[in-house]
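Below is target.csv, holding CSV, C-alpha atoms and all ligand atoms.
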```
chain,number,residue,atom,x,y,z
A,1,MET,CA,51.3,43.1,-48.7
A,2,PRO,CA,51.6,40.8,-51.9
A,3,VAL,CA,48.9,38.3,-52.2
A,4,ASN,CA,50.1,34.7,-52.3
A,5,ILE,CA,48.3,33.2,-55.3
A,6,ALA,CA,49.8,29.7,-55.1
A,7,PRO,CA,46.8,28.2,-53.3
A,8,TYR,CA,44.5,29.7,-55.9
A,9,LEU,CA,46.5,28.2,-58.7
A,10,ASP,CA,46.4,24.8,-57.0
A,11,LYS,CA,42.7,25.0,-56.7
A,12,LEU,CA,42.4,26.0,-60.4
A,13,SER,CA,44.6,23.2,-61.4
A,14,GLU,CA,42.2,20.8,-59.6
A,15,ILE,CA,39.2,22.2,-61.5
A,16,PHE,CA,41.1,21.8,-64.8
A,17,LYS,CA,42.0,18.2,-63.9
A,18,VAL,CA,38.2,17.5,-63.8
A,19,SER,CA,37.4,19.4,-67.0
A,20,ASP,CA,40.3,17.7,-68.8
A,21,ALA,CA,39.0,14.3,-67.6
A,22,LEU,CA,35.5,15.1,-68.9
A,23,TYR,CA,36.9,16.3,-72.2
A,24,LEU,CA,38.9,13.1,-72.6
A,25,ASN,CA,35.8,11.1,-71.8
A,26,SER,CA,33.9,13.0,-74.4
A,27,GLN,CA,36.7,12.4,-77.0
A,28,ASN,CA,36.5,8.7,-76.3
A,29,HIS,CA,32.8,8.7,-76.6
A,30,TYR,CA,32.8,10.3,-80.1
A,31,ILE,CA,34.5,7.7,-82.3
A,32,ASP,CA,35.0,8.5,-86.0
A,33,GLY,CA,34.4,6.1,-89.0
A,34,GLU,CA,37.8,4.6,-88.5
A,35,GLY,CA,37.3,3.8,-84.8
A,36,ALA,CA,39.5,6.6,-83.5
A,37,PRO,CA,38.4,8.9,-80.7
A,38,PHE,CA,37.7,12.5,-81.6
A,39,SER,CA,40.9,14.6,-81.8
A,40,CYS,CA,42.4,17.7,-83.5
A,41,THR,CA,44.6,15.5,-85.7
A,42,GLY,CA,44.4,16.5,-89.3
A,43,CYS,CA,42.1,19.5,-88.6
A,44,GLN,CA,42.7,22.4,-91.1
A,45,ASP,CA,40.6,24.8,-89.1
A,46,ASN,CA,42.9,25.4,-86.1
A,47,CYS,CA,40.7,26.7,-83.3
A,48,CYS,CA,43.8,28.5,-81.9
A,49,THR,CA,43.1,31.1,-84.6
A,50,THR,CA,39.8,32.0,-83.0
A,51,VAL,CA,39.7,35.2,-81.0
A,52,PHE,CA,38.6,34.3,-77.5
A,53,TYR,CA,38.2,36.7,-74.6
A,54,HIS,CA,39.2,35.6,-71.1
A,55,TYR,CA,37.5,37.0,-68.1
A,56,THR,CA,39.4,36.0,-65.0
A,57,LEU,CA,42.5,37.2,-63.3
A,58,ILE,CA,43.0,33.7,-61.9
A,59,GLU,CA,43.4,32.3,-65.5
A,60,TYR,CA,45.8,35.1,-66.2
A,61,PHE,CA,48.0,34.1,-63.3
A,62,TYR,CA,47.7,30.5,-64.3
A,63,LEU,CA,48.8,31.4,-67.8
A,64,ALA,CA,51.6,33.5,-66.4
A,65,GLU,CA,52.9,30.5,-64.5
A,66,GLY,CA,53.2,28.7,-67.9
A,67,LEU,CA,54.9,31.8,-69.5
A,68,SER,CA,57.4,32.0,-66.7
A,69,LYS,CA,58.7,28.5,-67.6
A,70,ILE,CA,59.7,29.6,-71.1
A,71,SER,CA,63.5,29.8,-71.1
A,72,ASP,CA,64.1,30.1,-74.9
A,73,ASP,CA,64.9,33.8,-75.4
A,74,GLU,CA,64.3,33.5,-79.2
A,75,MET,CA,60.9,32.0,-78.6
A,76,ALA,CA,60.1,34.6,-75.9
A,77,GLY,CA,61.0,37.4,-78.4
A,78,ALA,CA,58.8,35.8,-81.1
A,79,ILE,CA,55.9,35.5,-78.6
A,80,ALA,CA,56.3,39.2,-77.7
A,81,GLU,CA,56.3,40.3,-81.4
A,82,ARG,CA,53.3,38.0,-82.2
A,83,SER,CA,51.4,39.3,-79.2
A,84,GLN,CA,51.9,42.9,-80.3
A,85,ALA,CA,50.8,42.1,-83.9
A,86,TYR,CA,47.8,40.2,-82.6
A,87,PHE,CA,46.8,43.1,-80.4
A,88,MET,CA,47.1,45.6,-83.2
A,89,GLU,CA,45.0,43.4,-85.5
A,90,ILE,CA,42.2,43.5,-82.8
A,91,VAL,CA,42.6,47.3,-82.5
A,92,ARG,CA,42.2,47.7,-86.2
A,93,ASN,CA,39.1,45.4,-86.3
A,94,PRO,CA,37.3,46.0,-83.0
A,95,PHE,CA,33.9,45.0,-84.3
A,96,LYS,CA,35.0,42.0,-86.3
A,97,THR,CA,36.6,39.8,-83.7
A,98,ASN,CA,34.1,37.0,-84.2
A,99,SER,CA,35.2,36.5,-87.8
A,100,LEU,CA,38.8,37.4,-87.4
A,101,ARG,CA,41.3,34.5,-87.7
A,102,ILE,CA,44.7,35.2,-86.0
A,103,MET,CA,47.0,32.5,-84.8
A,104,CYS,CA,47.5,32.6,-81.1
A,105,PRO,CA,51.0,33.9,-80.2
A,106,LEU,CA,51.5,30.7,-78.1
A,107,ASN,CA,50.9,28.2,-81.0
A,108,PHE,CA,54.2,27.1,-82.5
A,109,ASP,CA,54.1,24.5,-85.3
A,110,GLY,CA,50.5,23.6,-84.4
A,111,LYS,CA,51.3,23.0,-80.8
A,112,CYS,CA,50.4,25.0,-77.7
A,113,ILE,CA,53.6,25.8,-75.8
A,114,VAL,CA,51.7,26.5,-72.5
A,115,TYR,CA,49.5,23.5,-72.9
A,116,GLU,CA,49.3,22.7,-69.1
A,117,ASN,CA,48.5,26.3,-68.3
A,118,ARG,CA,46.0,27.1,-71.1
A,119,PRO,CA,42.8,28.8,-70.1
A,120,LEU,CA,39.4,27.0,-69.7
A,121,ILE,CA,38.0,27.9,-73.1
A,122,CYS,CA,41.0,26.2,-74.8
A,123,ARG,CA,40.3,23.1,-72.7
A,124,VAL,CA,36.6,22.7,-73.5
A,125,HIS,CA,36.3,24.0,-77.0
A,126,GLY,CA,35.9,21.3,-79.6
A,127,VAL,CA,33.2,18.9,-78.4
A,128,ALA,CA,29.6,19.6,-77.7
A,129,SER,CA,29.0,21.5,-74.5
A,130,SER,CA,26.5,23.5,-72.5
A,131,LEU,CA,26.2,26.3,-70.0
A,132,ASN,CA,23.4,27.0,-67.6
A,133,GLN,CA,23.5,30.4,-65.9
A,134,PRO,CA,20.9,31.6,-63.4
A,135,GLY,CA,18.4,34.0,-65.1
A,136,LYS,CA,19.7,33.2,-68.6
A,137,ALA,CA,18.6,30.8,-71.3
A,138,ALA,CA,20.7,27.6,-71.4
A,139,GLN,CA,23.4,27.8,-74.0
A,140,LEU,CA,24.5,24.9,-76.2
A,141,TRP,CA,27.6,24.8,-78.4
A,142,ASP,CA,27.7,22.2,-81.1
A,143,GLY,CA,31.5,21.9,-81.0
A,144,CYS,CA,34.2,22.9,-83.4
A,145,LYS,CA,33.9,22.6,-87.2
A,146,LYS,CA,35.5,19.2,-87.4
A,147,PHE,CA,33.3,17.9,-84.5
A,148,VAL,CA,30.2,19.1,-86.3
A,149,GLU,CA,31.3,17.6,-89.6
A,150,LEU,CA,31.9,14.2,-87.9
A,151,HIS,CA,29.1,14.1,-85.3
A,152,GLY,CA,26.7,17.0,-86.0
A,153,GLY,CA,23.2,16.8,-87.5
A,154,LYS,CA,21.7,14.8,-84.7
A,155,GLU,CA,21.2,15.1,-81.0
A,156,PHE,CA,24.4,14.8,-79.1
A,157,PRO,CA,24.3,11.9,-76.7
A,158,LEU,CA,27.1,13.3,-74.5
A,159,VAL,CA,27.5,17.0,-73.8
A,160,ILE,CA,30.0,18.6,-71.5
A,161,ASP,CA,28.3,20.8,-69.0
A,162,ARG,CA,30.6,23.8,-68.5
A,163,THR,CA,28.4,25.2,-65.7
A,164,PRO,CA,30.3,23.7,-62.7
A,165,PHE,CA,33.7,24.8,-64.0
A,166,TYR,CA,32.5,28.4,-64.7
A,167,SER,CA,30.9,28.4,-61.2
A,168,GLN,CA,33.9,27.1,-59.4
A,169,ILE,CA,36.3,29.4,-61.2
A,170,ALA,CA,34.0,32.4,-60.6
A,171,ALA,CA,34.0,31.5,-56.8
A,172,LEU,CA,37.8,31.3,-56.8
A,173,GLU,CA,38.0,34.5,-58.7
A,174,GLY,CA,35.8,36.2,-56.2
A,175,GLN,CA,37.9,35.1,-53.3
A,176,LEU,CA,41.1,36.2,-55.1
A,177,ARG,CA,39.8,39.6,-56.1
A,178,LYS,CA,38.6,40.2,-52.5
A,179,GLU,CA,42.0,39.5,-51.2
A,180,MET,CA,43.6,41.6,-53.8
A,181,VAL,CA,41.0,44.4,-53.4
A,182,TYR,CA,40.7,44.3,-57.2
A,183,PHE,CA,37.2,44.8,-58.6
A,184,GLN,CA,37.7,46.1,-62.2
A,185,ARG,CA,36.2,44.2,-65.1
A,186,TYR,CA,38.6,41.8,-66.7
A,187,ARG,CA,38.2,41.0,-70.4
A,188,LYS,CA,41.4,40.3,-72.4
A,189,THR,CA,42.6,38.3,-75.4
A,190,ILE,CA,45.5,35.9,-74.9
A,191,ALA,CA,47.8,38.6,-76.6
A,192,GLU,CA,46.8,41.2,-74.0
A,193,MET,CA,47.4,38.7,-71.2
A,194,ILE,CA,50.9,38.1,-72.6
A,195,ILE,CA,51.6,41.8,-73.0
A,196,ASP,CA,50.5,42.3,-69.4
A,197,PHE,CA,52.8,39.5,-68.3
A,198,ILE,CA,55.8,41.0,-70.2
A,199,LYS,CA,55.1,44.2,-68.3
A,200,ASP,CA,54.6,42.5,-64.9
A,201,GLU,CA,57.3,39.8,-64.8
A,202,PRO,CA,60.7,39.1,-66.1
A,203,PHE,CA,60.0,37.3,-69.4
A,204,LEU,CA,63.3,35.9,-70.5
A,205,SER,CA,65.4,33.2,-69.0
A,206,ASN,CA,65.3,34.4,-65.4
A,207,PRO,CA,64.2,32.0,-62.8
A,208,PRO,CA,60.4,31.9,-62.5
A,209,ALA,CA,59.1,34.6,-60.1
A,210,PRO,CA,57.5,33.2,-57.0
A,211,PRO,CA,53.7,33.0,-57.6
A,212,THR,CA,52.7,36.2,-55.8
A,213,CYS,CA,50.3,38.8,-57.3
A,214,PRO,CA,52.3,41.3,-59.4
A,215,HIS,CA,49.5,43.9,-59.1
A,216,ALA,CA,49.7,44.1,-55.3
A,217,SER,CA,53.0,46.0,-55.2
A,218,LYS,CA,51.5,48.4,-57.9
A,219,GLY,CA,48.5,49.3,-55.8
A,220,ILE,CA,46.0,48.3,-58.5
B,301,LIG,S1,46.7,29.2,-75.3
B,301,LIG,FE1,47.3,27.3,-76.4
B,301,LIG,S2,45.4,26.1,-76.7
B,301,LIG,FE2,44.8,28.3,-76.2
B,301,LIG,S3,44.6,29.3,-78.2
B,301,LIG,FE3,46.8,29.7,-77.5
B,301,LIG,S4,48.0,28.0,-78.4
B,301,LIG,FE4,45.8,27.4,-78.6
```

Hey, can you dump this file as structure tokens for me?
Amino acid sequence: MPVNIAPYLDKLSEIFKVSDALYLNSQNHYIDGEGAPFSCTGCQDNCCTTVFYHYTLIEYFYLAEGLSKISDDEMAGAIAERSQAYFMEIVRNPFKTNSLRIMCPLNFDGKCIVYENRPLICRVHGVASSLNQPGKAAQLWDGCKKFVELHGGKEFPLVIDRTPFYSQIAALEGQLRKEMVYFQRYRKTIAEMIIDFIKDEPFLSNPPAPPTCPHASKGI
């Protein structure tokens, strides 16, 4: 029986609302020399060119919800082509993904076209943040290049703690996977997620599919 993922997406949306609010609070805390809150405006080092891996199915389904709203066939075709090219670049450079710079297939003219449905890392990357995982040393990220240029070189007075978000998403992911009986490792770039979506769902201007799990009917 297909798994109804709508309640999971609602819960993820609530988690993202909190992370977005904290990010906004952090932006307002870090004011530049002209009195403006920290923002991406004018940044030449677009972080959408960084190769990130995503580790949860729940974020895939959330992204898929955003992709299903794209009704422009030309844009959908361009996304499909860009995703394939992105994927091939990773295949050609499997050990250099940290230094590779490839524009995300979902960034058009500097804007994310699935902004409301972007994954967690796209929401918290930028400002200083930390992560505390049991049994591991605490991790601290100084923020993106622009943030470090403006505010680096001293102790950060405000750091976003990613720990509760990762913990809550992991708990949600665990419940979802149990219901789906899906226990494989998940580690995909945004391009791979899009390619999966193209295989799983109607991608062009059809009405959005109801938010059920596409894998359930395939017995994965
Ligand atoms: S999903 Fe959106 S925010 Fe994230 S890398 Fe792609 S374009 Fe940028």

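Using all atoms listed in the file, the nearest neighbour of Ile58 of chain A within the list A:Ala6, A:Ile90, A:Ala21, A:Ile198 is A:Ala6.
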
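Comparing A:Tyr23, A:Tyr30, A:Phe108, A:Tyr8 by their smallest distance to ligand LIG 301 (chain B), the closest is A:Phe108 (using all atoms listed in the file).
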
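Residue nearest ligand LIG 301 (chain B) within the list A:Gly174, A:Pro134, A:Gly110, A:Gly42: A:Gly110 [criterion: smallest interatomic distance, only C-alpha atoms and all ligand atoms].
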
Practice task
May I have the residues within 7 Å of ligand LIG 301 (chain B), computed using only C-alpha atoms and all ligand atoms, as a PyMOL selection string?
Solution key: chain A and resi 47-49+104-107+111-115+118-119+122+190

Exercise for the section: Calculate how many Å separate atom CA of Leu63 of chain A from atom CA of Ala138 of chain A, rounding to one decimal. Expected result: 28.6 Å

Practice task
May I have the residues at most 6 Å from (36.6, 14.9, -79.9) in the file's coordinates, counting all atoms listed in the file, as JSON, numbers by chain?
Solution key: {"A": [27, 30, 38, 39, 127]}

Exercise for the section: Excluding Phe16 of chain A and any residue of its chain fewer than 4 positions from it, enumerate the residues within 9 Å of it, using all atoms listed in the file, and give them as a ChimeraX atom specification. Expected result: /A:11-12,20-21,119-120,123,165

Practice task
Tell me, in Å to one decimal, how far atom CA of Phe52 of chain A is from atom CA of Lys178 of chain A.
Solution key: 25.7 Å

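You can rank A:Ile31, A:Ala76, A:Met88, A:Leu176 by their closest distance to Ala191 of chain A using all atoms listed in the file, and at the top of that list sits A:Met88.
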
Problem - Atomic separation - atom CA of Phe61 of chain A relative to atom CA of Pro2 of chain A, Å - result: 13.7 Å

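For the choices A:Thr163, A:Asn25, A:Gln168, A:Gln175, the atom-to-atom distance to Ser129 of chain A is smallest for A:Thr163 when using all atoms listed in the file.
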
Practice task
Name the closest residue to Tyr186 of chain A among the candidates A:Lys96, A:His54, A:His125, A:Lys154; distances are taken between atoms, counting only C-alpha atoms.
Solution key: A:His54

Handout entry: Selection: 8 Å around Gly126 of chain A, only C-alpha atoms, excl. self and same-chain fewer than 2 positions, as JSON, numbers by chain
Key = {"A": [124, 128, 143, 144, 145, 147]}

Considering only C-alpha atoms, return as an mmCIF file with C-alpha atoms, in the coordinates of the input whatever protein or nucleic-acid residues lie within 10 Å of Leu131 of chain A, sequence-local ones (same chain, fewer than 4 positions apart) excluded.
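Listing of result34.cif after writing:
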```cif
data_model
loop_
_atom_site.group_PDB
_atom_site.id
_atom_site.type_symbol
_atom_site.label_atom_id
_atom_site.label_comp_id
_atom_site.auth_asym_id
_atom_site.auth_seq_id
_atom_site.Cartn_x
_atom_site.Cartn_y
_atom_site.Cartn_z
ATOM 1 C CA LYS A 136 19.700 33.200 -68.600
ATOM 2 C CA ALA A 137 18.600 30.800 -71.300
ATOM 3 C CA ALA A 138 20.700 27.600 -71.400
ATOM 4 C CA GLN A 139 23.400 27.800 -74.000
ATOM 5 C CA LEU A 140 24.500 24.900 -76.200
ATOM 6 C CA TRP A 141 27.600 24.800 -78.400
ATOM 7 C CA ILE A 160 30.000 18.600 -71.500
ATOM 8 C CA ASP A 161 28.300 20.800 -69.000
ATOM 9 C CA ARG A 162 30.600 23.800 -68.500
ATOM 10 C CA THR A 163 28.400 25.200 -65.700
ATOM 11 C CA PRO A 164 30.300 23.700 -62.700
ATOM 12 C CA PHE A 165 33.700 24.800 -64.000
ATOM 13 C CA TYR A 166 32.500 28.400 -64.700
#
```

Practice task
Quick one: residues within 9 Å of (35.0, 33.3, -83.9) (file frame), counting all atoms listed in the file, please, as number ranges by chain.
Solution key: A: 47, 49-52, 97-101
